[in-house]
>>> print(open('protein-v1.cif').read())   # mmCIF, C-alpha atoms and all ligand atoms
data_final
#
loop_
_atom_site.label_atom_id
_atom_site.label_comp_id
_atom_site.auth_asym_id
_atom_site.auth_seq_id
_atom_site.Cartn_x
_atom_site.Cartn_y
_atom_site.Cartn_z
CA MET C 1 117.67 -27.28 119.73
CA SER C 2 118.51 -29.63 122.57
CA THR C 3 120.90 -32.49 122.00
CA ASP C 4 118.00 -34.92 122.17
CA ALA C 5 116.07 -33.05 119.51
CA GLU C 6 119.15 -32.93 117.30
CA GLU C 7 119.62 -36.63 117.75
CA ALA C 8 115.99 -37.30 116.88
CA SER C 9 116.14 -35.23 113.71
CA GLU C 10 119.42 -36.94 112.84
CA ASP C 11 117.68 -40.31 113.29
CA ARG C 12 114.81 -39.10 111.21
CA ARG C 13 117.07 -38.00 108.40
CA LYS C 14 118.85 -41.35 108.47
CA TYR C 15 115.50 -43.05 108.18
CA GLU C 16 114.59 -40.91 105.16
CA PHE C 17 117.96 -41.68 103.58
CA ARG C 18 117.59 -45.38 104.14
CA LYS C 19 114.16 -45.28 102.52
CA VAL C 20 115.44 -43.55 99.39
CA LEU C 21 118.45 -45.89 99.18
CA GLU C 22 116.22 -48.95 99.41
CA GLU C 23 114.10 -47.53 96.61
CA LEU C 24 117.11 -46.72 94.42
CA GLU C 25 118.63 -50.13 94.97
CA GLU C 26 115.64 -51.72 93.24
CA TYR C 27 116.03 -49.73 90.06
CA GLU C 28 117.78 -50.80 86.93
CA GLY C 29 118.29 -49.06 83.65
CA SER C 30 117.97 -51.00 80.42
CA GLY C 31 121.31 -49.53 79.31
CA THR C 32 124.11 -47.48 80.80
CA GLN C 33 121.80 -44.60 81.51
CA LEU C 34 121.40 -44.04 85.25
CA VAL C 35 123.36 -41.02 86.41
CA THR C 36 124.64 -40.44 89.95
CA ILE C 37 126.55 -37.34 91.03
CA TYR C 38 128.30 -36.96 94.39
CA ILE C 39 129.00 -33.31 95.22
CA PRO C 40 131.29 -32.32 98.13
CA GLU C 41 130.31 -29.26 100.16
CA ASP C 42 133.22 -27.17 98.86
CA ARG C 43 132.40 -27.73 95.19
CA GLN C 44 130.83 -24.70 93.52
CA ILE C 45 127.43 -25.41 92.01
CA SER C 46 128.48 -23.53 88.86
CA ASP C 47 131.36 -26.04 88.42
CA VAL C 48 128.92 -28.91 88.71
CA VAL C 49 126.60 -27.34 86.16
CA ALA C 50 129.55 -26.92 83.79
CA HIS C 51 130.49 -30.57 84.27
CA VAL C 52 126.93 -31.74 83.64
CA THR C 53 126.70 -29.55 80.51
CA GLN C 54 129.92 -31.11 79.25
CA GLU C 55 128.61 -34.64 79.86
CA HIS C 56 125.41 -33.69 78.08
CA SER C 57 127.27 -32.71 74.91
CA GLU C 58 129.50 -35.80 75.10
CA ALA C 59 126.41 -37.98 75.43
CA ALA C 60 125.57 -36.96 71.84
CA ASN C 61 128.14 -39.60 70.81
CA ILE C 62 126.24 -42.49 72.39
CA LYS C 63 125.26 -44.87 69.60
CA SER C 64 121.94 -46.16 70.87
CA LYS C 65 119.34 -43.48 70.32
CA GLN C 66 117.29 -44.71 73.28
CA THR C 67 120.25 -44.59 75.69
CA ARG C 68 121.42 -41.25 74.32
CA THR C 69 118.02 -39.66 74.86
CA ASN C 70 117.71 -41.15 78.35
CA VAL C 71 121.15 -39.97 79.47
CA GLN C 72 120.55 -36.49 78.12
CA ASP C 73 117.14 -36.32 79.80
CA ALA C 74 118.71 -37.36 83.09
CA LEU C 75 121.39 -34.67 82.78
CA THR C 76 118.81 -32.02 81.97
CA SER C 77 116.81 -33.04 85.01
CA ILE C 78 119.94 -32.79 87.19
CA LYS C 79 120.66 -29.32 85.86
CA ASP C 80 117.10 -28.31 86.76
CA ARG C 81 117.64 -29.55 90.31
CA LEU C 82 120.92 -27.66 90.66
CA ARG C 83 119.07 -24.37 90.03
CA TYR C 84 117.61 -24.61 93.54
CA TYR C 85 121.05 -24.12 95.10
CA ASP C 86 123.13 -21.01 95.58
CA THR C 87 126.89 -20.97 95.32
CA TYR C 88 127.63 -24.14 97.30
CA PRO C 89 125.74 -27.32 98.21
CA PRO C 90 124.45 -27.77 101.79
CA GLU C 91 126.67 -28.95 104.65
CA ASN C 92 128.37 -32.32 103.97
CA GLY C 93 127.44 -31.98 100.30
CA MET C 94 124.76 -33.82 98.38
CA VAL C 95 124.02 -36.64 95.98
CA ILE C 96 121.72 -36.52 92.94
CA PHE C 97 120.34 -39.59 91.18
CA SER C 98 118.55 -39.37 87.86
CA GLY C 99 117.65 -41.70 85.05
CA ALA C 100 115.10 -43.67 83.07
CA ILE C 101 114.42 -46.81 85.04
CA ASP C 102 113.04 -50.04 83.72
CA ALA C 103 109.32 -50.04 84.56
CA GLY C 104 108.65 -53.46 83.06
CA GLY C 105 106.98 -54.33 79.73
CA GLY C 106 109.49 -52.30 77.74
CA GLN C 107 108.43 -49.11 79.51
CA THR C 108 110.70 -46.68 81.33
CA ASP C 109 110.05 -44.15 84.07
CA MET C 110 112.11 -41.04 84.55
CA ILE C 111 113.03 -40.47 88.20
CA THR C 112 115.22 -37.94 89.99
CA ARG C 113 116.13 -38.02 93.70
CA THR C 114 118.28 -35.63 95.71
CA LEU C 115 119.83 -36.45 99.08
CA GLU C 116 121.23 -33.47 100.96
CA SER C 117 123.65 -33.41 103.89
CA PRO C 118 124.55 -37.09 104.30
CA PRO C 119 125.76 -38.24 107.76
CA ASP C 120 129.41 -38.03 106.65
CA PRO C 121 130.87 -35.48 104.25
CA VAL C 122 130.94 -36.42 100.57
CA GLU C 123 134.69 -36.67 100.09
CA SER C 124 135.14 -36.23 96.38
CA PHE C 125 133.23 -35.24 93.31
CA ARG C 126 132.01 -38.28 91.40
CA TYR C 127 130.14 -38.54 88.15
CA HIS C 128 128.83 -42.03 87.56
CA CYS C 129 126.77 -43.33 84.66
CA ASP C 130 125.86 -47.00 84.73
CA SER C 131 122.98 -49.47 84.52
CA ASP C 132 122.36 -48.94 88.23
CA PHE C 133 122.69 -46.04 90.64
CA LEU C 134 125.86 -45.67 92.70
CA ILE C 135 124.62 -46.03 96.26
CA GLU C 136 127.48 -47.87 98.02
CA PRO C 137 129.28 -44.78 99.37
CA LEU C 138 126.03 -43.62 100.98
CA GLU C 139 125.23 -47.07 102.33
CA HIS C 140 128.66 -47.07 103.88
CA MET C 141 127.90 -43.81 105.66
CA MET C 142 124.56 -45.14 106.87
CA ALA C 143 126.12 -48.21 108.43
CA ASP C 144 126.87 -46.09 111.45
CA SER C 145 128.05 -42.64 112.26
CA GLY C 146 129.52 -42.78 115.73
CA LEU C 147 132.54 -40.79 116.87
CA PHE C 148 135.23 -42.66 118.79
CA GLY C 149 138.64 -41.54 120.04
CA LEU C 150 141.62 -43.79 119.30
CA ILE C 151 144.91 -43.93 121.21
CA VAL C 152 147.76 -46.36 120.53
CA LEU C 153 151.02 -46.23 122.44
CA ASP C 154 154.09 -48.04 123.57
CA ARG C 155 157.07 -46.46 125.33
CA ARG C 156 158.58 -45.18 122.11
CA GLU C 157 155.75 -43.72 120.10
CA ALA C 158 152.07 -42.91 120.21
CA ASN C 159 149.32 -42.00 117.77
CA VAL C 160 145.92 -40.51 118.40
CA GLY C 161 143.02 -40.12 116.02
CA TRP C 162 139.35 -40.61 115.34
CA LEU C 163 137.05 -43.31 114.18
CA LYS C 164 134.24 -41.42 112.38
CA GLY C 165 131.61 -43.86 111.20
CA LYS C 166 133.75 -46.46 109.44
CA ARG C 167 136.58 -44.07 108.69
CA VAL C 168 139.83 -43.97 110.67
CA GLU C 169 141.40 -40.53 110.79
CA PRO C 170 144.96 -40.33 112.23
CA VAL C 171 145.54 -36.88 113.76
CA LYS C 172 148.69 -36.57 115.87
CA SER C 173 151.71 -38.58 116.81
CA ALA C 174 154.54 -38.34 119.35
CA SER C 175 157.76 -40.19 119.92
CA SER C 176 159.61 -40.49 123.18
CA LEU C 177 163.15 -40.09 124.41
CA VAL C 178 162.76 -42.99 126.80
CA PRO C 179 166.16 -44.69 126.89
CA GLY C 180 166.40 -48.40 126.13
CA LYS C 181 166.92 -50.93 128.85
CA GLN C 182 170.69 -51.00 128.39
CA ARG C 183 172.45 -48.46 130.54
CA LYS C 184 175.67 -46.84 129.52
CA GLY C 185 178.86 -47.71 131.38
CA GLY C 186 179.53 -45.62 134.47
CA GLN C 187 175.86 -44.94 135.27
CA SER C 188 174.60 -46.34 138.53
CA ALA C 189 171.85 -48.90 138.01
CA GLN C 190 169.60 -47.14 140.46
CA ARG C 191 170.00 -43.73 138.87
CA PHE C 192 169.46 -45.21 135.43
CA ALA C 193 166.24 -46.91 136.49
CA ARG C 194 164.95 -43.71 138.06
CA LEU C 195 165.71 -41.62 134.97
CA ARG C 196 164.07 -44.21 132.78
CA LEU C 197 160.89 -44.23 134.86
CA GLU C 198 160.82 -40.44 134.79
CA ALA C 199 161.14 -40.45 131.04
CA ILE C 200 158.32 -42.96 130.72
CA ASP C 201 156.12 -40.89 133.03
CA ASN C 202 156.89 -37.77 130.98
CA PHE C 203 156.00 -39.55 127.80
CA TYR C 204 152.66 -40.79 129.18
CA GLN C 205 151.90 -37.21 130.20
CA GLU C 206 152.76 -36.00 126.74
CA VAL C 207 150.49 -38.62 125.13
CA ALA C 208 147.67 -37.73 127.52
CA GLU C 209 148.03 -34.03 126.68
CA MET C 210 147.91 -34.84 123.01
CA ALA C 211 144.73 -36.89 123.51
CA ASP C 212 143.19 -34.25 125.82
CA ASP C 213 143.83 -31.46 123.32
CA LEU C 214 142.10 -33.44 120.63
CA MET C 215 139.25 -35.10 122.51
CA VAL C 216 138.26 -32.91 125.48
CA PRO C 217 136.61 -30.30 123.21
CA LYS C 218 134.59 -33.12 121.61
CA ARG C 219 133.84 -35.02 124.82
CA HIS C 220 130.08 -34.47 124.60
CA GLU C 221 129.84 -35.91 121.10
CA LEU C 222 132.22 -38.74 121.81
CA ASP C 223 130.72 -42.25 121.93
CA GLY C 224 133.79 -43.77 123.51
CA ILE C 225 137.56 -44.19 123.46
CA LEU C 226 139.65 -47.24 122.57
CA VAL C 227 143.21 -47.59 123.85
CA GLY C 228 145.68 -49.99 122.26
CA GLY C 229 149.29 -51.06 122.57
CA PRO C 230 151.43 -53.81 123.99
CA SER C 231 151.30 -54.84 127.65
CA PRO C 232 152.06 -53.37 130.09
CA THR C 233 152.25 -49.93 128.42
CA LYS C 234 148.54 -49.42 127.79
CA ASP C 235 147.74 -50.72 131.29
CA GLU C 236 150.25 -48.38 132.93
CA PHE C 237 148.88 -45.51 130.91
CA LEU C 238 145.27 -46.17 131.92
CA ASP C 239 145.96 -47.19 135.51
CA GLY C 240 148.07 -44.07 135.99
CA ASP C 241 145.05 -41.81 135.26
CA TYR C 242 147.02 -39.69 132.86
CA LEU C 243 143.99 -38.84 130.74
CA HIS C 244 141.55 -36.04 131.60
CA HIS C 245 139.02 -37.62 133.98
CA GLU C 246 136.10 -37.08 131.59
CA LEU C 247 137.99 -38.93 128.88
CA GLN C 248 139.05 -41.64 131.29
CA ASP C 249 135.32 -42.31 131.93
CA LYS C 250 134.76 -42.79 128.20
CA VAL C 251 137.32 -45.55 127.74
CA LEU C 252 135.46 -48.59 126.40
CA GLY C 253 138.38 -50.95 126.63
CA LYS C 254 142.06 -51.62 126.07
CA PHE C 255 143.28 -53.89 123.31
CA ASP C 256 146.51 -55.58 122.29
CA VAL C 257 147.90 -54.17 119.09
CA ALA C 258 151.39 -54.81 117.75
CA TYR C 259 152.03 -51.47 116.06
CA THR C 260 151.78 -48.00 117.48
CA ASP C 261 152.27 -46.04 114.27
CA GLU C 262 149.29 -44.91 112.20
CA SER C 263 148.58 -48.48 111.12
CA GLY C 264 148.11 -49.30 114.81
CA LEU C 265 144.98 -47.12 114.80
CA TYR C 266 143.45 -49.39 112.16
CA ASP C 267 144.50 -52.50 114.11
CA LEU C 268 142.90 -51.00 117.20
CA VAL C 269 139.56 -50.58 115.40
CA ASP C 270 139.74 -54.22 114.26
CA ALA C 271 140.57 -55.43 117.75
CA GLY C 272 137.82 -53.33 119.33
CA GLN C 273 135.02 -54.33 116.93
CA GLU C 274 132.92 -56.03 119.57
CA ALA C 275 133.16 -53.18 122.05
CA LEU C 276 132.26 -50.72 119.29
CA ALA C 277 129.21 -52.70 118.18
CA ASP C 278 128.00 -53.04 121.78
CA GLN C 279 128.42 -49.34 122.39
CA GLU C 280 126.36 -48.37 119.37
CA LEU C 281 123.48 -50.43 120.64
CA VAL C 282 123.65 -49.34 124.28
CA GLU C 283 120.96 -46.70 124.02
CA ASP C 284 118.65 -48.86 121.89
CA LYS C 285 119.04 -51.70 124.39
CA GLU C 286 118.15 -49.43 127.29
CA GLN C 287 114.96 -48.27 125.56
CA MET C 288 113.86 -51.84 124.91
CA GLU C 289 114.64 -52.86 128.51
CA VAL C 290 112.33 -50.12 129.80
CA PHE C 291 109.64 -51.14 127.34
CA PHE C 292 109.74 -54.81 128.37
CA GLU C 293 109.86 -53.95 132.05
CA ASN C 294 106.79 -51.73 131.70
CA LEU C 295 105.07 -54.40 129.68
CA HIS C 296 105.66 -57.09 132.31
CA THR C 297 105.11 -55.12 135.47
CA GLY C 298 102.24 -52.86 134.58
CA ASN C 299 100.41 -51.25 131.73
CA GLU C 300 102.70 -48.37 130.88
CA ALA C 301 103.53 -49.85 127.52
CA THR C 302 101.78 -50.09 124.19
CA TYR C 303 102.48 -51.80 120.88
CA GLY C 304 101.05 -52.36 117.43
CA LEU C 305 99.73 -49.68 115.11
CA VAL C 306 96.22 -49.07 116.41
CA PRO C 307 96.83 -48.99 120.21
CA THR C 308 100.08 -47.04 119.81
CA ARG C 309 98.39 -44.52 117.55
CA GLU C 310 95.52 -44.11 119.97
CA ASN C 311 97.89 -43.53 122.86
CA LEU C 312 99.87 -41.05 120.79
CA VAL C 313 96.76 -39.05 120.01
CA MET C 314 95.90 -38.99 123.74
CA GLY C 315 99.34 -37.62 124.46
CA SER C 316 100.15 -40.47 126.82
CA VAL C 317 103.25 -41.73 125.01
CA ASP C 318 106.57 -40.67 126.50
CA ARG C 319 108.74 -42.38 123.90
CA LEU C 320 107.65 -43.81 120.57
CA LEU C 321 109.82 -46.79 119.58
CA LEU C 322 110.04 -47.54 115.86
CA SER C 323 112.08 -50.31 114.29
CA GLU C 324 114.79 -49.06 111.94
CA ASP C 325 113.70 -51.77 109.51
CA LEU C 326 110.04 -50.83 109.45
CA THR C 327 109.04 -50.68 105.76
CA GLU C 328 105.30 -50.26 105.91
CA ASP C 329 102.66 -47.75 104.95
CA VAL C 330 99.54 -46.98 106.91
CA VAL C 331 96.24 -47.00 105.07
CA VAL C 332 93.38 -44.93 106.50
CA TYR C 333 89.91 -46.28 105.68
CA GLU C 334 86.53 -44.75 106.25
CA CYS C 335 83.21 -46.58 106.00
CA PRO C 336 79.84 -45.04 104.96
CA ASN C 337 78.86 -44.88 108.67
CA GLY C 338 81.83 -42.67 109.46
CA HIS C 339 84.05 -45.24 111.18
CA THR C 340 87.75 -44.65 110.61
CA GLU C 341 90.17 -47.58 110.65
CA TYR C 342 93.91 -47.97 110.17
CA GLU C 343 95.88 -50.82 108.72
CA THR C 344 99.51 -51.33 107.77
CA VAL C 345 100.60 -52.67 104.39
CA GLU C 346 104.09 -53.44 103.08
CA ARG C 347 105.49 -50.43 101.25
CA ARG C 348 105.58 -52.12 97.86
CA HIS C 349 102.29 -53.97 98.11
CA ASN C 350 98.99 -52.76 96.74
CA THR C 351 96.27 -51.38 98.96
CA SER C 352 93.72 -54.09 99.68
CA ASP C 353 89.97 -53.88 100.12
CA HIS C 354 88.74 -53.36 103.65
CA GLU C 355 85.53 -54.09 105.47
CA CYS C 356 84.65 -51.99 108.48
CA SER C 357 85.14 -54.09 111.59
CA GLU C 358 82.33 -52.25 113.40
CA CYS C 359 79.50 -52.31 110.87
CA GLY C 360 80.78 -54.64 108.14
CA GLU C 361 80.32 -52.09 105.34
CA PRO C 362 83.00 -51.81 102.66
CA ALA C 363 85.34 -48.95 103.63
CA GLU C 364 86.99 -46.44 101.30
CA VAL C 365 90.69 -45.59 101.28
CA GLN C 366 91.15 -42.04 102.58
CA GLU C 367 94.89 -41.85 102.65
CA ARG C 368 98.02 -43.95 102.36
CA GLU C 369 101.38 -42.81 103.67
CA ASP C 370 104.59 -44.04 105.28
CA VAL C 371 103.67 -45.30 108.75
CA VAL C 372 106.78 -43.67 110.26
CA ASP C 373 105.81 -40.25 108.86
CA HIS C 374 102.25 -40.78 110.02
CA LEU C 375 103.17 -41.64 113.61
CA MET C 376 106.01 -39.15 113.95
CA GLN C 377 103.74 -36.34 112.87
CA ILE C 378 101.38 -37.11 115.74
CA ALA C 379 104.34 -37.59 118.10
CA ASP C 380 105.76 -34.18 117.19
CA GLN C 381 102.45 -32.51 117.94
CA ARG C 382 102.20 -34.19 121.35
CA GLY C 383 105.76 -33.65 122.52
CA THR C 384 106.56 -37.36 122.25
CA GLU C 385 110.15 -38.33 121.59
CA THR C 386 110.73 -40.83 118.77
CA LYS C 387 113.50 -43.43 118.99
CA PHE C 388 114.58 -45.62 116.10
CA ILE C 389 115.62 -49.06 117.31
CA SER C 390 118.18 -51.23 115.53
CA THR C 391 117.38 -54.87 114.75
CA ASP C 392 120.98 -55.88 115.51
CA PHE C 393 120.11 -57.28 118.94
CA GLU C 394 117.52 -59.75 120.19
CA LYS C 395 114.98 -57.35 121.67
CA GLY C 396 115.33 -55.02 118.69
CA GLU C 397 114.51 -57.90 116.42
CA GLN C 398 111.54 -58.74 118.64
CA LEU C 399 110.24 -55.20 118.28
CA LEU C 400 110.10 -55.71 114.52
CA ASN C 401 108.85 -59.30 114.40
CA ALA C 402 106.63 -59.65 117.46
CA PHE C 403 105.30 -56.09 117.84
CA GLY C 404 105.06 -54.99 114.21
CA GLY C 405 107.96 -52.57 114.63
CA ILE C 406 105.78 -50.09 116.53
CA ALA C 407 105.68 -49.62 120.31
CA GLY C 408 105.55 -46.95 122.97
CA ILE C 409 106.65 -46.32 126.54
CA LEU C 410 103.74 -44.60 128.27
CA ARG C 411 103.74 -41.72 130.73
CA TYR C 412 100.82 -43.27 132.60
CA GLU C 413 98.44 -46.18 132.33
CA THR C 414 95.62 -45.66 129.81
CA GLY C 415 93.95 -49.03 129.45
CA VAL C 416 94.22 -48.81 125.67
ZN ZN M 501 81.68 -48.79 109.86
#
>>> encode(input="protein-v1.cif", output="structure tokens")
Amino acid sequence: MSTDAEEASEDRRKYEFRKVLEELEEYEGSGTQLVTIYIPEDRQISDVVAHVTQEHSEAANIKSKQTRTNVQDALTSIKDRLRYYDTYPPENGMVIFSGAIDAGGGQTDMITRTLESPPDPVESFRYHCDSDFLIEPLEHMMADSGLFGLIVLDRREANVGWLKGKRVEPVKSASSLVPGKQRKGGQSAQRFARLRLEAIDNFYQEVAEMADDLMVPKRHELDGILVGGPSPTKDEFLDGDYLHHELQDKVLGKFDVAYTDESGLYDLVDAGQEALADQELVEDKEQMEVFFENLHTGNEATYGLVPTRENLVMGSVDRLLLSEDLTEDVVVYECPNGHTEYETVERRHNTSDHECSECGEPAEVQEREDVVDHLMQIADQRGTETKFISTDFEKGEQLLNAFGGIAGILRYETGV
């Protein structure tokens, strides 16, 4: 798979995750009866089954018969799901949600959902039984999943590490032998200054090597690098081109931080928040710029469900742009005279009646499905790339609010 294709399927998976999380967030159990299990990738499935079996027998002590039955049903359902897996869970682990949710009017519905391979690894095994599902750790992962290199240094010590999603990961540190500013008696001032500069230069080289070793192998996945420290150290370090040139090109900015130990890496992420947020949106912004330019200067742009769909089917769409916050289904209607029409409806709303706009006859519902699935399926068949666009910037918000969250950059003018 090409990097673009990987990125698209990554985006797609994030979309699917977000959809399930939104659904789960709505649910409530009438008692402490909704079970969530987080399973890291190195946890044997047989261990998990043993744990679930144990919880099942302990649940026999729950006083309320209703809650007891619901918890045990949820655990049984989880055990059934676990049968689909071999020795270990898939890469990055998985999360299973199961329980009897409140369906209104004293009724409950039993639901079970499995999310495999989240964007970040599941870090520890968690068994959680409560009146709602435990979704925060997953939401945290969804917030973003960029990879950034972090370097903090002064003349005495340096630390390098990663920012993975929201998680700071210190990796290596170094300390220098740069002498202080006070020279010892008997040394000539000139010689002392020269030795000191040499020592500083050596230390910068050492820090650069440490960063190169860590980050050069990952340079193609890297979204950027932040450098922090007091002035003028970080400036000298960057101006001196100590870093590998491909890393140097990835530096998003330099920031004042007071500490250069591991805690300095966290300070650096705080200080660089704005640069990080901008960077994450760079690609989305570029897509929307192209869309608006095409829209204003010619006809190589399309938006809204029906025209975009028609262009997709023709194969004229180069890039399909879908808002990350699009929460609609598409309903396909057909009238007695064979006219097919498409309409979007909010995911949680009911399907409404429809009159054919061509002949005025009442039309029948043929199909209802997630509009993203519907459009991406056509896009995949036509070799159209799909891009999910954040609503965290003005034009991204416009895509959702002014264009219904659906647009396309065309390969050529179609007049549709
Ligand atoms: Zn009709």
>>> residues_around(input="protein-v1.cif", residues="Arg83 of chain C", least_positions_apart="4", cutoff="10 Å", atoms="all atoms listed in the file", output="PyMOL selection string")
chain C and resi 45-46+49+78-79
>>> closest_atom_pairs(input="protein-v1.cif", of="chain C", to="ligand ZN 501 (chain M)", cutoff="7 Å", atoms="only C-alpha atoms and all ligand atoms", output="JSON lines")
{"residue": "C:Cys335", "atom": "CA", "partner": "M:ZN501", "partner_atom": "ZN", "distance": 4.7}
{"residue": "C:Pro336", "atom": "CA", "partner": "M:ZN501", "partner_atom": "ZN", "distance": 6.4}
{"residue": "C:Asn337", "atom": "CA", "partner": "M:ZN501", "partner_atom": "ZN", "distance": 5.0}
{"residue": "C:Gly338", "atom": "CA", "partner": "M:ZN501", "partner_atom": "ZN", "distance": 6.1}
{"residue": "C:His339", "atom": "CA", "partner": "M:ZN501", "partner_atom": "ZN", "distance": 4.5}
{"residue": "C:Cys356", "atom": "CA", "partner": "M:ZN501", "partner_atom": "ZN", "distance": 4.6}
{"residue": "C:Ser357", "atom": "CA", "partner": "M:ZN501", "partner_atom": "ZN", "distance": 6.6}
{"residue": "C:Glu358", "atom": "CA", "partner": "M:ZN501", "partner_atom": "ZN", "distance": 5.0}
{"residue": "C:Cys359", "atom": "CA", "partner": "M:ZN501", "partner_atom": "ZN", "distance": 4.3}
{"residue": "C:Gly360", "atom": "CA", "partner": "M:ZN501", "partner_atom": "ZN", "distance": 6.2}
{"residue": "C:Glu361", "atom": "CA", "partner": "M:ZN501", "partner_atom": "ZN", "distance": 5.8}
>>> atom_distance(input="protein-v1.cif", atom1="atom CA of Leu115 of chain C", atom2="atom CA of Ala379 of chain C")
24.6 Å
>>> residues_near_point(input="protein-v1.cif", point="(124.7, -36.8, 74.7)", cutoff="12 Å", atoms="all atoms listed in the file", output="PyMOL selection string")
chain C and resi 33+52-76
>>> write_last_selection(input="protein-v1.cif", atoms="C-alpha atoms", output="PDB file, in the frame of the given file")
ATOM      1  CA  GLN C  33     121.800 -44.600  81.510  1.00  0.00           C
ATOM      2  CA  VAL C  52     126.930 -31.740  83.640  1.00  0.00           C
ATOM      3  CA  THR C  53     126.700 -29.550  80.510  1.00  0.00           C
ATOM      4  CA  GLN C  54     129.920 -31.110  79.250  1.00  0.00           C
ATOM      5  CA  GLU C  55     128.610 -34.640  79.860  1.00  0.00           C
ATOM      6  CA  HIS C  56     125.410 -33.690  78.080  1.00  0.00           C
ATOM      7  CA  SER C  57     127.270 -32.710  74.910  1.00  0.00           C
ATOM      8  CA  GLU C  58     129.500 -35.800  75.100  1.00  0.00           C
ATOM      9  CA  ALA C  59     126.410 -37.980  75.430  1.00  0.00           C
ATOM     10  CA  ALA C  60     125.570 -36.960  71.840  1.00  0.00           C
ATOM     11  CA  ASN C  61     128.140 -39.600  70.810  1.00  0.00           C
ATOM     12  CA  ILE C  62     126.240 -42.490  72.390  1.00  0.00           C
ATOM     13  CA  LYS C  63     125.260 -44.870  69.600  1.00  0.00           C
ATOM     14  CA  SER C  64     121.940 -46.160  70.870  1.00  0.00           C
ATOM     15  CA  LYS C  65     119.340 -43.480  70.320  1.00  0.00           C
ATOM     16  CA  GLN C  66     117.290 -44.710  73.280  1.00  0.00           C
ATOM     17  CA  THR C  67     120.250 -44.590  75.690  1.00  0.00           C
ATOM     18  CA  ARG C  68     121.420 -41.250  74.320  1.00  0.00           C
ATOM     19  CA  THR C  69     118.020 -39.660  74.860  1.00  0.00           C
ATOM     20  CA  ASN C  70     117.710 -41.150  78.350  1.00  0.00           C
ATOM     21  CA  VAL C  71     121.150 -39.970  79.470  1.00  0.00           C
ATOM     22  CA  GLN C  72     120.550 -36.490  78.120  1.00  0.00           C
ATOM     23  CA  ASP C  73     117.140 -36.320  79.800  1.00  0.00           C
ATOM     24  CA  ALA C  74     118.710 -37.360  83.090  1.00  0.00           C
ATOM     25  CA  LEU C  75     121.390 -34.670  82.780  1.00  0.00           C
ATOM     26  CA  THR C  76     118.810 -32.020  81.970  1.00  0.00           C
TER      27      THR C  76
END
>>> residues_around(input="protein-v1.cif", residues="Glu169 of chain C", least_positions_apart="5", cutoff="10 Å", atoms="all atoms listed in the file", output="PyMOL selection string")
chain C and resi 149-150+160-164+262+265-266
>>> residues_around(input="protein-v1.cif", residues="segment 221-229 of chain C", least_positions_apart="5", cutoff="7 Å", atoms="only C-alpha atoms", output="PDB file with C-alpha atoms, in the frame of the given file")
ATOM      1  CA  GLY C 146     129.520 -42.780 115.730  1.00  0.00           C
ATOM      2  CA  LEU C 147     132.540 -40.790 116.870  1.00  0.00           C
ATOM      3  CA  PHE C 148     135.230 -42.660 118.790  1.00  0.00           C
ATOM      4  CA  GLY C 149     138.640 -41.540 120.040  1.00  0.00           C
ATOM      5  CA  LEU C 150     141.620 -43.790 119.300  1.00  0.00           C
ATOM      6  CA  ILE C 151     144.910 -43.930 121.210  1.00  0.00           C
ATOM      7  CA  VAL C 152     147.760 -46.360 120.530  1.00  0.00           C
ATOM      8  CA  LEU C 153     151.020 -46.230 122.440  1.00  0.00           C
ATOM      9  CA  ASP C 154     154.090 -48.040 123.570  1.00  0.00           C
ATOM     10  CA  LYS C 234     148.540 -49.420 127.790  1.00  0.00           C
ATOM     11  CA  LYS C 250     134.760 -42.790 128.200  1.00  0.00           C
ATOM     12  CA  VAL C 251     137.320 -45.550 127.740  1.00  0.00           C
ATOM     13  CA  LEU C 252     135.460 -48.590 126.400  1.00  0.00           C
ATOM     14  CA  GLY C 253     138.380 -50.950 126.630  1.00  0.00           C
ATOM     15  CA  LYS C 254     142.060 -51.620 126.070  1.00  0.00           C
ATOM     16  CA  PHE C 255     143.280 -53.890 123.310  1.00  0.00           C
ATOM     17  CA  ASP C 256     146.510 -55.580 122.290  1.00  0.00           C
ATOM     18  CA  VAL C 257     147.900 -54.170 119.090  1.00  0.00           C
ATOM     19  CA  ALA C 258     151.390 -54.810 117.750  1.00  0.00           C
ATOM     20  CA  THR C 260     151.780 -48.000 117.480  1.00  0.00           C
ATOM     21  CA  LEU C 268     142.900 -51.000 117.200  1.00  0.00           C
TER      22      LEU C 268
END
>>> residues_near_point(input="protein-v1.cif", point="(114.1, -51.7, 119.8)", cutoff="9 Å", atoms="only C-alpha atoms", output="PyMOL selection string")
chain C and resi 284-289+291+321-324+387-391+393-400+405+407
>>> atom_distance(input="protein-v1.cif", atom1="atom CA of Ala199 of chain C", atom2="atom CA of Val216 of chain C")
24.7 Å
>>> closest_residue(input="protein-v1.cif", among="C:Val313, C:Glu334, C:Gly415, C:Ala363", to="Thr384 of chain C", atoms="only C-alpha atoms")
C:Val313
>>> closest_residue(input="protein-v1.cif", among="C:Asp392, C:Asp239, C:Glu328, C:Glu341", to="Leu281 of chain C", atoms="all atoms listed in the file")
C:Asp392
>>> atom_distance(input="protein-v1.cif", atom1="atom CA of Pro118 of chain C", atom2="atom CA of Lys14 of chain C")
8.2 Å
>>> residues_around(input="protein-v1.cif", residues="Tyr204 of chain C", least_positions_apart="6", cutoff="9 Å", atoms="all atoms listed in the file", output="list of chain:residue names")
C:Leu153, C:Arg155, C:Glu236, C:Phe237, C:Gly240, C:Tyr242
>>> closest_residue(input="protein-v1.cif", among="C:Tyr303, C:Tyr412, C:Tyr27, C:Phe403", to="Ser131 of chain C", atoms="all atoms listed in the file")
C:Tyr27
>>> axis_aligned_box(input="protein-v1.cif", around="segment 359-364 of chain C", padding_each_side="5 Å", output="AutoDock Vina command-line options")
--center_x 83.2 --center_y -50.5 --center_z 106.1 --size_x 17.5 --size_y 18.2 --size_z 19.6
